[in-house]
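Read through the structure below, which is laid out as structure tokens, and then see the notes.
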Amino acid sequence: MEMCKRETLLLIFLTVSSVATSTSPWLPIDGNAPASYCLSWRLAIETNNVRAWRVVPLQCMRYVEVYMLGGQYDRDVQLIVEQIKVYLNEIILPGDGMNAWILDVDDTCLSNVFYYRLKRYGCDPYDPTGFRTWAMKGGSPAIQPVLELFNKLIETGFKVFLVTGRNEETFRDATLENLHNQGFTGYERLIMRTIENKRQSATTYKTTIRKQMMEQGYRIWGNVGDQWSDLQGEYSGNRTFKIPNPMYFVP
């Protein structure tokens, strides 16, 4: 009987001790989230299960930094581009010159990771003045796999449209120069926000642009962007491809 009591007490002690010392992968510890939490958070935003988020969780800043600069982001983008090329090989283009492909600009063609490094990789709230200063310098580097895709699209015979949420009045010259300096030449048109669509959400604005293209007779074979708002809505194209971006969300 005494032995049974001792075993029961030992079992209770081990159970309580285990609960007290275990760490949930979902809870930050001393302000630093386990990698498993940040990995799950990134998966959730990339699958659009977490919407309208404003900032990166502070405890995931280091995780996002390592992801963006440590090589995994580059490998992820390269894999997406490889899948797009597989799709391209399946397409037989009609020869009427109305075969369109859409690419977003910011963090699809051009990378802003060095700007967001100053903003703690998205842990700080969006700073429109700071981003304007950055974009006006025209120093955003090309995302190399996307530049390779861009050139392949041109060579294959697609009319490539660059559709960006940047304001035309403010950013047109700087954006044109930045794209040219990074090797994006030969595209059909750079489309930017104007006064007419200034207050539209990104989804509404880009849907409107795609609708206009299709009314002009273009077939949208593909659409690539880093935000879900680049790809959602009507007239999105035959296939859409999302570039990862854990640094910010555009509704």
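For the structure tokens, the naming scheme is as follows: chains receive sequential letters (A, B, ...) according to their order of presentation, residues are indexed from 1 within each chain, and ligands are indexed from 1 in presentation order.
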
Contacts of A:Pro251 within 9 Å, only C-alpha atoms, excl. fewer than 4 positions in-chain, as a PyMOL selection string: chain A and resi 51-52+201-203+227-229

Neighbours of stretch 132-148 of chain A within 7 Å (only C-alpha atoms; same-chain residues fewer than 6 positions away dropped), as a list in words?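 Everything that qualifies: Val77, Gln78, Val81, Thr108, Cys109, Leu110, Ser111, Asn112, Tyr115, Phe171, Ala174, Thr175, Glu177, Asn178, Gln182 and Phe184 of chain A.
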
Quick one: DSSP helix (DSSP H, G or I) residues in stretch 171-251 of chain A, as an mmCIF file with C-alpha atoms, in the first residue's frame?
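The file below, result.cif, is the result:
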```cif
data_model
loop_
_atom_site.group_PDB
_atom_site.id
_atom_site.type_symbol
_atom_site.label_atom_id
_atom_site.label_comp_id
_atom_site.auth_asym_id
_atom_site.auth_seq_id
_atom_site.Cartn_x
_atom_site.Cartn_y
_atom_site.Cartn_z
ATOM 1 C CA PHE A 171 7.064 57.640 -58.952
ATOM 2 C CA ARG A 172 6.914 57.217 -62.725
ATOM 3 C CA ASP A 173 10.318 58.585 -63.710
ATOM 4 C CA ALA A 174 12.165 56.967 -60.798
ATOM 5 C CA THR A 175 10.465 53.623 -61.426
ATOM 6 C CA LEU A 176 11.182 53.667 -65.159
ATOM 7 C CA GLU A 177 14.848 54.420 -64.494
ATOM 8 C CA ASN A 178 15.130 51.785 -61.770
ATOM 9 C CA LEU A 179 13.584 49.102 -63.985
ATOM 10 C CA HIS A 180 15.809 50.022 -66.920
ATOM 11 C CA ASN A 181 18.972 50.047 -64.819
ATOM 12 C CA ILE A 195 -5.942 60.062 -59.776
ATOM 13 C CA GLU A 196 -8.918 58.002 -60.987
ATOM 14 C CA ASN A 197 -7.952 54.885 -59.032
ATOM 15 C CA ALA A 202 -5.130 47.109 -54.520
ATOM 16 C CA THR A 203 -7.487 44.265 -55.411
ATOM 17 C CA THR A 204 -10.045 46.597 -57.011
ATOM 18 C CA TYR A 205 -7.408 48.639 -58.823
ATOM 19 C CA LYS A 206 -5.614 45.651 -60.310
ATOM 20 C CA THR A 207 -8.867 43.926 -61.220
ATOM 21 C CA THR A 208 -9.908 47.071 -63.099
ATOM 22 C CA ILE A 209 -6.620 47.121 -65.026
ATOM 23 C CA ARG A 210 -6.941 43.451 -65.976
ATOM 24 C CA LYS A 211 -10.540 43.967 -67.089
ATOM 25 C CA GLN A 212 -9.430 46.800 -69.373
ATOM 26 C CA MET A 213 -6.699 44.617 -70.860
ATOM 27 C CA MET A 214 -9.106 41.812 -71.637
ATOM 28 C CA GLU A 215 -11.604 44.251 -73.145
ATOM 29 C CA TRP A 228 -2.641 38.229 -52.625
ATOM 30 C CA SER A 229 -4.221 41.516 -53.726
ATOM 31 C CA ASP A 230 -2.112 41.262 -56.915
ATOM 32 C CA LEU A 231 -3.825 38.001 -57.779
#
```

Between atom CA of A:Cys60 and atom CA of A:Tyr37 - distance in Å to one decimal: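 Spanning atom CA of A:Tyr37 to atom CA of A:Cys60 is a straight-line distance of 8.5 Å.
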
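We find atom CA of A:Gly183 and atom CA of A:Gly225 to be spaced 18.4 Å apart.
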
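Atom CA of A:Tyr67 to atom CA of A:Val224 spans 20.6 Å [interatomic distance, one decimal].
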
Could you tell me which of A:Asn48, A:Ser36, A:Thr164, A:Thr194 comes closest to A:Pro246 if we count only C-alpha atoms? A:Asn48
